[in-house]
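Trainee: File data04.cif follows (mmCIF, C-alpha atoms):
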data_upload
#
loop_
_atom_site.label_atom_id
_atom_site.label_comp_id
_atom_site.auth_asym_id
_atom_site.auth_seq_id
_atom_site.Cartn_x
_atom_site.Cartn_y
_atom_site.Cartn_z
CA MET A 428 63.16 119.27 35.37
CA ASP A 429 63.59 120.63 38.90
CA GLU A 430 66.47 118.23 39.53
CA HIS A 431 68.21 119.33 36.33
CA LEU A 432 67.87 123.02 37.24
CA ALA A 433 69.19 122.32 40.74
CA ASP A 434 72.24 120.59 39.24
CA VAL A 435 72.87 123.55 36.93
CA LEU A 436 72.64 126.10 39.74
CA ALA A 437 74.79 123.99 42.05
CA ALA A 438 77.60 124.05 39.49
CA VAL A 439 77.42 127.77 38.72
CA ARG A 440 79.29 130.19 40.96
CA PRO A 441 78.96 134.00 40.93
CA LEU A 442 81.74 135.72 39.04
CA GLU A 443 84.58 137.33 40.99
CA PRO A 444 84.00 141.02 41.83
CA ILE A 445 85.86 143.81 40.05
CA GLU A 446 86.00 147.61 40.40
CA LEU A 447 84.37 149.42 37.48
CA GLN A 448 83.70 152.98 36.39
CA LEU A 449 80.05 153.93 36.81
CA LEU A 450 78.92 153.59 33.19
CA ASP A 451 80.81 150.32 32.82
CA ALA A 452 78.97 149.04 35.90
CA GLN A 453 75.50 149.42 34.35
CA GLY A 454 73.74 146.06 34.36
CA CYS A 455 76.09 144.67 37.03
CA VAL A 456 75.30 143.66 40.61
CA LEU A 457 76.78 145.43 43.63
CA VAL A 458 78.84 143.29 45.99
CA GLU A 459 79.03 145.83 48.81
CA ASP A 460 76.75 148.25 50.62
CA VAL A 461 77.19 151.84 49.48
CA THR A 462 76.66 154.51 52.14
CA VAL A 463 76.15 158.22 51.62
CA PRO A 464 79.30 160.27 52.41
CA VAL A 465 77.57 163.67 52.34
CA ALA A 466 73.95 164.77 52.64
CA LEU A 467 71.98 165.12 49.42
CA PRO A 468 71.31 167.91 48.67
CA PRO A 469 74.36 169.18 50.58
CA PHE A 470 72.76 172.59 51.33
CA ASP A 471 69.37 174.30 51.43
CA ASN A 472 68.57 175.35 47.87
CA SER A 473 65.82 176.84 45.77
CA SER A 474 63.38 174.66 43.85
CA MET A 475 62.26 177.61 41.69
CA ASP A 476 63.59 180.56 39.73
CA GLY A 477 62.50 183.59 41.76
CA TYR A 478 63.46 185.71 44.75
CA ALA A 479 64.82 184.72 48.14
CA VAL A 480 62.93 186.70 50.77
CA ARG A 481 62.10 187.02 54.46
CA THR A 482 58.56 185.82 55.12
CA ALA A 483 57.67 188.88 57.20
CA ASP A 484 58.42 191.14 54.23
CA VAL A 485 55.88 189.47 51.94
CA GLN A 486 53.15 188.76 54.49
CA GLY A 487 49.81 189.98 53.12
CA ALA A 488 51.24 190.79 49.69
CA SER A 489 48.74 190.94 46.83
CA GLU A 490 48.50 192.23 43.27
CA GLU A 491 46.66 195.32 44.55
CA PHE A 492 49.09 195.88 47.40
CA PRO A 493 52.41 194.25 46.43
CA ALA A 494 55.37 194.03 48.73
CA VAL A 495 58.13 196.23 47.30
CA LEU A 496 61.62 194.87 48.05
CA THR A 497 65.11 196.04 47.20
CA VAL A 498 67.02 193.52 45.04
CA ILE A 499 70.56 193.14 46.40
CA GLY A 500 72.04 190.74 43.84
CA ASP A 501 71.90 187.38 42.14
CA VAL A 502 72.39 183.89 43.56
CA ALA A 503 73.05 181.40 40.77
CA ALA A 504 73.55 177.64 40.98
CA GLY A 505 77.15 177.09 42.06
CA SER A 506 77.44 180.47 43.79
CA GLY A 507 80.05 180.56 46.52
CA GLU A 508 79.85 183.95 48.25
CA LEU A 509 76.24 184.70 49.14
CA PRO A 510 74.60 188.05 49.93
CA THR A 511 72.76 188.37 53.23
CA VAL A 512 69.07 189.19 52.86
CA GLY A 513 68.02 191.80 55.38
CA PRO A 514 64.65 193.43 56.15
CA GLY A 515 62.99 194.80 53.04
CA GLN A 516 65.44 193.05 50.76
CA ALA A 517 65.39 190.17 48.25
CA ALA A 518 67.98 188.30 46.25
CA ARG A 519 67.23 187.03 42.77
CA ILE A 520 67.78 183.25 42.94
CA MET A 521 67.92 180.42 40.41
CA THR A 522 66.76 176.83 40.71
CA GLY A 523 69.35 174.75 42.58
CA ALA A 524 71.15 177.78 44.00
CA PRO A 525 71.91 177.84 47.74
CA LEU A 526 69.49 179.78 49.95
CA PRO A 527 71.35 182.92 51.07
CA PRO A 528 71.68 183.90 54.75
CA GLY A 529 68.70 185.78 56.12
CA ALA A 530 66.27 184.40 53.53
CA GLU A 531 63.46 182.15 54.77
CA ALA A 532 61.56 181.34 51.56
CA VAL A 533 61.57 181.68 47.80
CA VAL A 534 58.81 183.37 45.81
CA PRO A 535 58.63 182.19 42.17
CA VAL A 536 59.31 184.88 39.58
CA GLU A 537 55.74 184.38 38.29
CA TRP A 538 54.50 185.78 41.64
CA THR A 539 56.37 189.03 41.00
CA ASP A 540 56.78 191.72 38.37
CA GLY A 541 60.33 190.47 37.71
CA GLY A 542 61.67 193.96 38.54
CA THR A 543 59.99 195.54 35.53
CA GLY A 544 57.43 197.60 37.40
CA GLY A 545 54.63 196.00 35.38
CA GLY A 546 52.34 192.99 35.85
CA ALA A 547 53.15 189.37 36.60
CA ALA A 548 56.42 188.26 35.02
CA ALA A 549 56.64 185.17 32.81
CA GLY A 550 60.35 184.69 33.56
CA MET A 551 63.68 186.35 34.08
CA ALA A 552 65.75 188.07 31.41
CA PRO A 553 69.15 186.41 30.96
CA ALA A 554 71.76 187.91 33.29
CA SER A 555 74.14 188.44 30.35
CA THR A 556 71.68 190.67 28.49
CA ALA A 557 69.97 192.33 31.45
CA PRO A 558 72.44 192.61 34.35
CA GLU A 559 70.32 195.36 35.84
CA GLY A 560 67.87 192.64 36.94
CA ALA A 561 70.15 191.90 39.89
CA GLY A 562 69.39 195.34 41.33
CA GLY A 563 66.55 197.80 41.65
CA GLU A 564 63.18 196.86 43.10
CA VAL A 565 60.83 193.90 42.75
CA ARG A 566 57.12 193.84 43.51
CA VAL A 567 55.87 190.58 45.09
CA HIS A 568 52.18 189.79 44.52
CA ARG A 569 51.71 186.83 46.88
CA PRO A 570 52.82 185.88 50.38
CA ALA A 571 55.14 182.92 51.01
CA GLY A 572 55.34 180.78 54.12
CA ALA A 573 58.52 179.70 55.83
CA ARG A 574 60.61 177.30 53.71
CA ALA A 575 58.33 177.74 50.69
CA HIS A 576 60.05 176.43 47.55
CA VAL A 577 63.15 175.51 49.51
CA ARG A 578 64.72 172.04 49.23
CA ALA A 579 66.17 171.25 52.62
CA ARG A 580 69.70 169.94 53.12
CA GLY A 581 69.56 166.14 53.38
CA SER A 582 65.92 165.94 52.24
CA ASP A 583 66.93 163.24 49.72
CA VAL A 584 69.44 161.27 51.80
CA GLN A 585 71.45 162.00 54.93
CA ALA A 586 75.16 161.39 55.39
CA GLY A 587 75.62 157.82 56.65
CA ASP A 588 72.38 156.54 55.09
CA LEU A 589 72.44 153.34 53.06
CA ALA A 590 72.36 154.45 49.43
CA LEU A 591 72.33 151.02 47.76
CA ALA A 592 72.54 147.56 49.30
CA ALA A 593 74.79 144.75 48.15
CA GLY A 594 72.93 142.67 45.59
CA THR A 595 71.40 145.68 43.83
CA LEU A 596 71.27 145.46 40.04
CA LEU A 597 72.57 148.77 38.72
CA GLY A 598 70.30 150.53 36.25
CA PRO A 599 70.23 154.18 35.12
CA SER A 600 68.61 155.50 38.31
CA GLN A 601 71.08 153.66 40.54
CA ILE A 602 73.98 154.97 38.45
CA ALA A 603 72.54 158.48 38.89
CA LEU A 604 72.46 158.09 42.69
CA LEU A 605 76.04 156.82 42.80
CA ALA A 606 77.20 159.80 40.76
CA ALA A 607 75.17 162.22 42.90
CA ILE A 608 76.90 161.06 46.08
CA GLY A 609 80.31 161.33 44.46
CA ARG A 610 81.16 157.71 43.66
CA ALA A 611 83.34 157.42 40.53
CA THR A 612 83.77 153.64 40.72
CA VAL A 613 81.91 150.78 42.35
CA ARG A 614 82.67 147.15 43.16
CA VAL A 615 80.44 144.76 41.25
CA ARG A 616 80.23 141.32 39.72
CA PRO A 617 80.77 141.76 35.97
CA ARG A 618 78.17 140.87 33.39
CA PRO A 619 78.68 137.24 32.33
CA ARG A 620 80.13 136.57 28.89
CA VAL A 621 77.89 134.04 27.16
CA VAL A 622 78.93 132.35 23.91
CA VAL A 623 76.13 130.86 21.80
CA LEU A 624 76.87 128.19 19.16
CA SER A 625 74.25 126.59 16.94
CA THR A 626 74.98 123.29 15.22
CA GLY A 627 73.71 121.80 12.00
CA SER A 628 75.00 121.44 8.46
CA GLU A 629 71.58 122.55 7.23
CA LEU A 630 71.90 126.04 8.76
CA VAL A 631 72.44 129.11 6.60
CA GLN A 632 73.08 132.60 7.93
CA PRO A 633 70.34 135.20 7.37
CA GLY A 634 71.09 137.26 4.28
CA GLU A 635 72.58 134.33 2.38
CA ALA A 636 70.79 132.31 -0.28
CA LEU A 637 68.99 129.16 0.79
CA THR A 638 70.05 125.95 -0.90
CA ALA A 639 68.06 122.73 -1.15
CA GLY A 640 67.33 121.29 2.28
CA ALA A 641 68.72 124.34 4.11
CA ILE A 642 67.07 126.63 6.65
CA TYR A 643 68.09 129.91 8.21
CA ASP A 644 69.85 129.83 11.58
CA SER A 645 67.43 131.50 13.99
CA ASN A 646 68.41 129.79 17.24
CA SER A 647 71.76 131.49 17.70
CA PHE A 648 70.15 134.89 17.17
CA ALA A 649 67.28 134.13 19.55
CA LEU A 650 69.54 132.82 22.29
CA ALA A 651 72.12 135.59 21.97
CA ALA A 652 69.31 138.15 22.22
CA ALA A 653 67.84 136.29 25.20
CA ALA A 654 71.24 136.23 26.90
CA ARG A 655 71.53 139.99 26.50
CA ASP A 656 68.02 140.41 27.84
CA ALA A 657 69.03 138.36 30.89
CA GLY A 658 71.93 140.72 31.58
CA ALA A 659 74.84 138.99 29.86
CA ILE A 660 77.34 140.08 27.22
CA ALA A 661 76.51 137.71 24.37
CA TYR A 662 78.75 136.44 21.59
CA ARG A 663 77.07 134.62 18.71
CA VAL A 664 79.13 132.09 16.75
CA GLY A 665 78.06 131.15 13.23
CA ALA A 666 76.52 127.72 12.77
CA VAL A 667 78.92 124.80 13.15
CA ALA A 668 78.58 121.87 10.73
CA ASP A 669 77.65 118.37 11.90
CA ASP A 670 81.19 117.25 12.61
CA ALA A 671 82.31 116.36 16.13
CA GLU A 672 85.93 117.46 15.73
CA THR A 673 84.90 120.76 14.17
CA LEU A 674 82.53 121.42 17.07
CA LYS A 675 85.16 120.55 19.69
CA ALA A 676 87.62 122.90 18.01
CA ALA A 677 85.02 125.70 17.89
CA ILE A 678 84.25 125.29 21.60
CA GLU A 679 87.95 125.31 22.50
CA ASP A 680 88.42 128.52 20.49
CA GLN A 681 85.59 130.22 22.41
CA LEU A 682 86.67 129.27 25.93
CA VAL A 683 88.97 132.28 26.18
CA ARG A 684 85.99 134.67 26.17
CA ALA A 685 83.26 132.57 27.81
CA ASP A 686 81.91 132.49 31.34
CA LEU A 687 79.11 130.27 30.00
CA LEU A 688 78.74 128.29 26.77
CA VAL A 689 75.39 127.51 25.20
CA THR A 690 74.96 125.13 22.26
CA THR A 691 71.76 124.40 20.44
CA GLY A 692 71.02 121.29 18.40
CA GLY A 693 72.61 117.86 18.24
CA VAL A 694 71.52 116.55 21.67
CA SER A 695 68.88 114.00 20.71
CA VAL A 696 69.31 110.39 19.52
CA GLY A 697 69.96 110.88 15.80
CA ALA A 698 73.01 109.64 13.91
CA TYR A 699 74.12 113.24 13.30
CA ASP A 700 73.61 114.61 16.80
CA VAL A 701 77.23 115.68 17.08
CA VAL A 702 77.01 117.68 20.30
CA LYS A 703 76.59 114.46 22.28
CA GLU A 704 79.38 112.85 20.29
CA ALA A 705 81.74 115.79 20.73
CA LEU A 706 81.13 116.48 24.41
CA SER A 707 80.26 113.17 26.03
CA SER A 708 83.90 112.05 26.04
CA ILE A 709 85.54 115.31 27.16
CA GLY A 710 87.81 114.65 30.10
CA THR A 711 87.09 110.93 30.27
CA GLY A 712 90.31 109.55 28.72
CA PRO A 713 92.95 108.13 31.11
CA ASP A 714 95.68 110.41 29.73
CA GLU A 715 93.54 113.53 29.37
CA PRO A 716 93.68 116.44 31.83
CA ASP A 717 90.65 117.08 33.97
CA THR A 718 88.68 119.33 31.63
CA GLY A 719 85.19 118.61 32.88
CA ARG A 720 82.34 116.45 31.70
CA VAL A 721 79.00 117.01 29.99
CA ASP A 722 76.06 114.74 30.83
CA PHE A 723 73.03 114.29 28.57
CA ARG A 724 69.58 113.63 29.95
CA LYS A 725 65.96 113.18 29.02
CA LEU A 726 63.80 115.44 31.15
CA ALA A 727 60.14 115.03 32.03
CA MET A 728 59.13 118.19 30.15
CA GLN A 729 57.72 119.28 26.80
CA PRO A 730 59.19 120.91 24.80
CA GLY A 731 62.86 120.46 25.68
CA LYS A 732 63.12 116.80 26.61
CA PRO A 733 66.79 116.28 25.57
CA GLN A 734 69.22 118.41 27.60
CA GLY A 735 72.93 118.46 28.28
CA PHE A 736 74.90 120.13 31.04
CA GLY A 737 78.42 120.07 32.40
CA THR A 738 81.73 121.89 32.35
CA VAL A 739 84.44 122.05 29.69
CA GLY A 740 87.98 123.31 29.43
CA PRO A 741 90.72 123.85 32.00
CA ASP A 742 88.64 126.41 33.91
CA HIS A 743 85.60 124.11 33.99
CA THR A 744 83.46 126.61 32.09
CA PRO A 745 79.75 125.74 32.42
CA LEU A 746 78.11 124.50 29.21
CA LEU A 747 74.42 123.98 28.58
CA ALA A 748 73.49 121.97 25.50
CA LEU A 749 69.94 122.75 24.35
CA PRO A 750 67.77 120.98 21.75
CA GLY A 751 67.66 122.34 18.22
CA ASN A 752 63.96 122.89 17.63
CA PRO A 753 63.43 126.66 17.96
CA VAL A 754 60.67 126.57 20.57
CA SER A 755 62.43 123.85 22.57
CA SER A 756 65.62 125.87 22.46
CA TYR A 757 63.98 129.09 23.64
CA VAL A 758 61.92 127.45 26.38
CA SER A 759 65.03 125.62 27.58
CA PHE A 760 66.91 128.90 27.70
CA GLU A 761 64.22 130.51 29.84
CA LEU A 762 64.11 127.59 32.27
CA PHE A 763 67.81 126.74 32.59
CA VAL A 764 70.18 129.22 30.91
CA ARG A 765 68.60 132.42 32.17
CA PRO A 766 68.81 131.22 35.81
CA ALA A 767 72.46 130.26 35.24
CA ILE A 768 73.24 133.74 33.89
CA ARG A 769 71.53 135.40 36.84
CA ALA A 770 73.42 133.14 39.24
CA LEU A 771 76.73 134.14 37.60
CA MET A 772 75.73 137.77 38.16
CA GLY A 773 75.22 137.09 41.86
CA LEU A 774 71.47 137.68 41.91
CA GLN A 775 69.30 135.83 44.40
CA ASP A 776 66.09 135.63 42.35
CA VAL A 777 67.34 133.82 39.25
CA SER A 778 64.11 132.61 37.64
CA ARG A 779 61.28 134.66 36.26
CA PRO A 780 58.38 134.97 38.73
CA SER A 781 55.17 133.15 37.87
CA VAL A 782 51.59 134.31 38.32
CA ARG A 783 48.24 132.57 38.39
CA ALA A 784 45.85 133.13 35.49
CA VAL A 785 42.60 131.66 34.18
CA LEU A 786 42.74 129.80 30.88
CA LYS A 787 40.74 131.53 28.16
CA ALA A 788 40.29 129.08 25.29
CA ASP A 789 37.66 127.56 23.02
CA GLU A 790 38.53 124.01 24.02
CA ALA A 791 40.51 122.01 26.52
CA LEU A 792 44.29 121.83 26.19
CA GLY A 793 45.88 118.39 26.17
CA SER A 794 49.18 117.55 27.84
CA PRO A 795 51.25 114.33 27.97
CA ALA A 796 51.12 112.41 31.23
CA GLY A 797 54.27 112.54 33.31
CA ARG A 798 55.74 115.58 31.56
CA ARG A 799 55.55 119.23 32.55
CA GLN A 800 54.36 121.11 29.50
CA PHE A 801 55.12 124.72 28.62
CA LEU A 802 52.63 126.19 26.15
CA ARG A 803 52.94 129.58 24.54
CA GLY A 804 50.32 132.09 25.61
CA ALA A 805 49.14 135.69 25.62
CA TYR A 806 48.75 136.95 29.19
CA ASP A 807 46.27 139.71 30.09
CA ALA A 808 47.23 141.07 33.50
CA ASP A 809 44.12 143.29 33.72
CA SER A 810 41.68 140.41 33.37
CA GLY A 811 43.93 137.78 34.91
CA THR A 812 43.51 135.48 31.91
CA VAL A 813 45.85 133.72 29.49
CA SER A 814 45.09 132.50 25.98
CA PRO A 815 47.00 129.92 23.93
CA VAL A 816 49.06 131.17 20.99
CA GLY A 817 49.72 128.71 18.18
CA GLY A 818 49.98 124.97 18.60
CA THR A 819 52.27 122.67 20.56
CA GLY A 820 54.80 122.08 17.77
CA SER A 821 58.43 122.76 18.69
CA HIS A 822 59.07 124.40 15.31
CA LEU A 823 56.42 127.14 15.48
CA ILE A 824 58.61 130.24 15.57
CA ALA A 825 55.86 132.60 14.41
CA ALA A 826 53.63 131.60 17.32
CA LEU A 827 56.51 132.09 19.73
CA ALA A 828 57.07 135.59 18.38
CA HIS A 829 53.50 136.55 19.27
CA ALA A 830 53.49 134.99 22.74
CA ASP A 831 54.40 136.90 25.88
CA ALA A 832 54.05 134.11 28.42
CA LEU A 833 54.50 130.41 29.05
CA MET A 834 51.56 128.44 30.40
CA VAL A 835 52.68 125.65 32.75
CA VAL A 836 50.76 122.37 32.80
CA PRO A 837 51.89 120.07 35.66
CA GLU A 838 53.17 116.54 35.09
CA ASP A 839 50.05 114.89 36.53
CA THR A 840 47.60 116.89 34.38
CA THR A 841 46.57 115.60 30.94
CA SER A 842 43.79 118.08 30.16
CA VAL A 843 43.17 121.71 31.11
CA GLU A 844 39.61 122.92 30.67
CA PRO A 845 38.78 126.55 29.83
CA GLY A 846 38.29 128.49 33.06
CA THR A 847 40.96 126.52 34.89
CA GLU A 848 43.53 128.49 36.86
CA LEU A 849 47.14 127.62 36.08
CA ASP A 850 50.67 128.93 36.55
CA VAL A 851 51.90 131.39 33.94
CA ILE A 852 55.44 132.72 33.43
CA PRO A 853 55.32 136.20 31.85
CA LEU A 854 58.24 136.73 29.46
CA GLY A 855 58.24 140.53 29.36
#
Is it possible to give me this structure as structure tokens?
Mentor:
Amino acid sequence: MDEHLADVLAAVRPLEPIELQLLDAQGCVLVEDVTVPVALPPFDNSSMDGYAVRTADVQGASEEFPAVLTVIGDVAAGSGELPTVGPGQAARIMTGAPLPPGAEAVVPVEWTDGGTGGGAAAGMAPASTAPEGAGGEVRVHRPAGARAHVRARGSDVQAGDLALAAGTLLGPSQIALLAAIGRATVRVRPRPRVVVLSTGSELVQPGEALTAGAIYDSNSFALAAAARDAGAIAYRVGAVADDAETLKAAIEDQLVRADLLVTTGGVSVGAYDVVKEALSSIGTGPDEPDTGRVDFRKLAMQPGKPQGFGTVGPDHTPLLALPGNPVSSYVSFELFVRPAIRALMGLQDVSRPSVRAVLKADEALGSPAGRRQFLRGAYDADSGTVSPVGGTGSHLIAALAHADALMVVPEDTTSVEPGTELDVIPLG
């Protein structure tokens, strides 16, 4: 299994960088360091709605003996020309507004009478309906120390600081920082385009009527959803019938929009396993152009023993051929396809991290000798335990839906007793 994963990762190269608008770059990976061009915030500003004052003027202020100050005007967020606060004066100031010259602190409006001459104010009247609030007098009921309720220039980041390092995956908070420092575009590796094809003449699309011997196609939905979860743009192709030429034509049609192709089904040893038939001979004819090759293997793992991997088409697009049993397909995706997607994105940590947990079960779990087994489990991080969910069958979709982890049983272990510590891969 480790050799197969190494071969996959060795053949996958990160996608070429492009310049994208900020919202288009969400979910992409930076390819360059981003430095801060201007300090953030770019000026001293108020963290409260209140009054900008000199500290000496409000020293010792109380409700019984308030400091009475002359209000010389308003300072709103975005204000350009600022009044200068002199002795015995105050300027009404709003959250985010620049601290005016002469002011040393901000007293919240709740610490004042709001200019009404009464008790503690609950807030300020809107400037449009009460313009007189920008003048008159205000009574301050509490003292304020120097820089109280003032957000200092550069207290978030300084000009020249590293905002985001190359290799950062851009989520909402990173997009917010880029916007805050004035970046409209950013250079990233794009999200990989993953095309998922399921094979099998027995497959019917959800919403259609089942005929005799037919089942609903769940694999293509599961793998497309998993690809999106891994960070890719996923395209799901309806089930392809068990015909080699039809499958080859479908793959060729999808190459134009694929950075990675994933097929499911048709990779075992049956007479109708058409994926092997369709792909094994690609690029092997003496008169054919070099369009890649797909190799099929039997891996020392359970589930997911039959696997295929190679490249197809003129651009040597990577293709991973997964088994058709739903659990085998999903486990194979987690172990091989997800790392390939993350490698295309340019991420360094491509596989999910594992943890150690103690098996909580009523009886020992069996495992085949010489094969690494991946059992579905429910992981409890608080207690550090993991419990099996469902059986070992590769068709048990319901059990898979209720599992949130894979329990890993090594190749040389045939029985795991309750209380044994083992590796667990959380899937959340």
Trainee: I'd like the neighbourhood of Pro444 (chain A) as a PyMOL selection string, where a residue qualifies if any of its atoms comes within 12 Å (using only C-alpha atoms), though same-chain residues fewer than 4 positions away should be ignored.
Mentor: chain A and resi 440+452+455-459+593-594+613-619+771-773
Trainee: For the selection you just gave me, I'd like the residues written to a file as a JSON list (two decimals), in the frame of the given file, keeping C-alpha atoms.
Mentor:
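After the write, again-v1.json holds the following:
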[["chain", "number", "residue", "atom", "x", "y", "z"],
["A", 440, "ARG", "CA", 79.29, 130.19, 40.96],
["A", 452, "ALA", "CA", 78.97, 149.04, 35.90],
["A", 455, "CYS", "CA", 76.09, 144.67, 37.03],
["A", 456, "VAL", "CA", 75.30, 143.66, 40.61],
["A", 457, "LEU", "CA", 76.78, 145.43, 43.63],
["A", 458, "VAL", "CA", 78.84, 143.29, 45.99],
["A", 459, "GLU", "CA", 79.03, 145.83, 48.81],
["A", 593, "ALA", "CA", 74.79, 144.75, 48.15],
["A", 594, "GLY", "CA", 72.93, 142.67, 45.59],
["A", 613, "VAL", "CA", 81.91, 150.78, 42.35],
["A", 614, "ARG", "CA", 82.67, 147.15, 43.16],
["A", 615, "VAL", "CA", 80.44, 144.76, 41.25],
["A", 616, "ARG", "CA", 80.23, 141.32, 39.72],
["A", 617, "PRO", "CA", 80.77, 141.76, 35.97],
["A", 618, "ARG", "CA", 78.17, 140.87, 33.39],
["A", 619, "PRO", "CA", 78.68, 137.24, 32.33],
["A", 771, "LEU", "CA", 76.73, 134.14, 37.60],
["A", 772, "MET", "CA", 75.73, 137.77, 38.16],
["A", 773, "GLY", "CA", 75.22, 137.09, 41.86]]
Trainee: Name every residue that the PyMOL selection byres ((chain A and resi 548-564) around 6) selects in this structure, writing the answer as a list in words with chains first and numbers rising.
Mentor: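 For this structure, the PyMOL selection byres ((chain A and resi 548-564) around 6) captures Leu496, Thr497, Val498, Ile499, Gly500, Asp501, Glu537, Asp540, Gly541, Gly542, Ala547 and Val565 of chain A.
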Trainee: Please, what is the axis-aligned box for every listed atom of region 565-581 of chain A with 4 Å on each side, as centre and edge lengths in Å to one decimal, as JSON?
Mentor:
{"center_x": 60.7, "center_y": 180.0, "center_z": 49.3, "size_x": 26.0, "size_y": 35.8, "size_z": 21.1}
Trainee: Would you work out the distance separating CA of Pro525 (chain A) from CA of Arg569 (chain A), expressed in Å to one decimal?
Mentor: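 CA of Arg569 (chain A) lies 22.1 Å from CA of Pro525 (chain A).
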Trainee: For this structure, which residues satisfy the selection - the PyMOL selection byres ((chain A and resi 529) around 8) - when it is evaluated on the file as given? I want them as a ChimeraX atom specification.
Mentor: /A:480-481,511-513,527-528,530-531
Trainee: Can you pull out every residue within 6 Å of region 791-795 of chain A, counting all atoms listed in the file, but drop anything in the same chain fewer than 5 positions away, and send it as a ChimeraX atom specification?
Mentor: /A:841-845
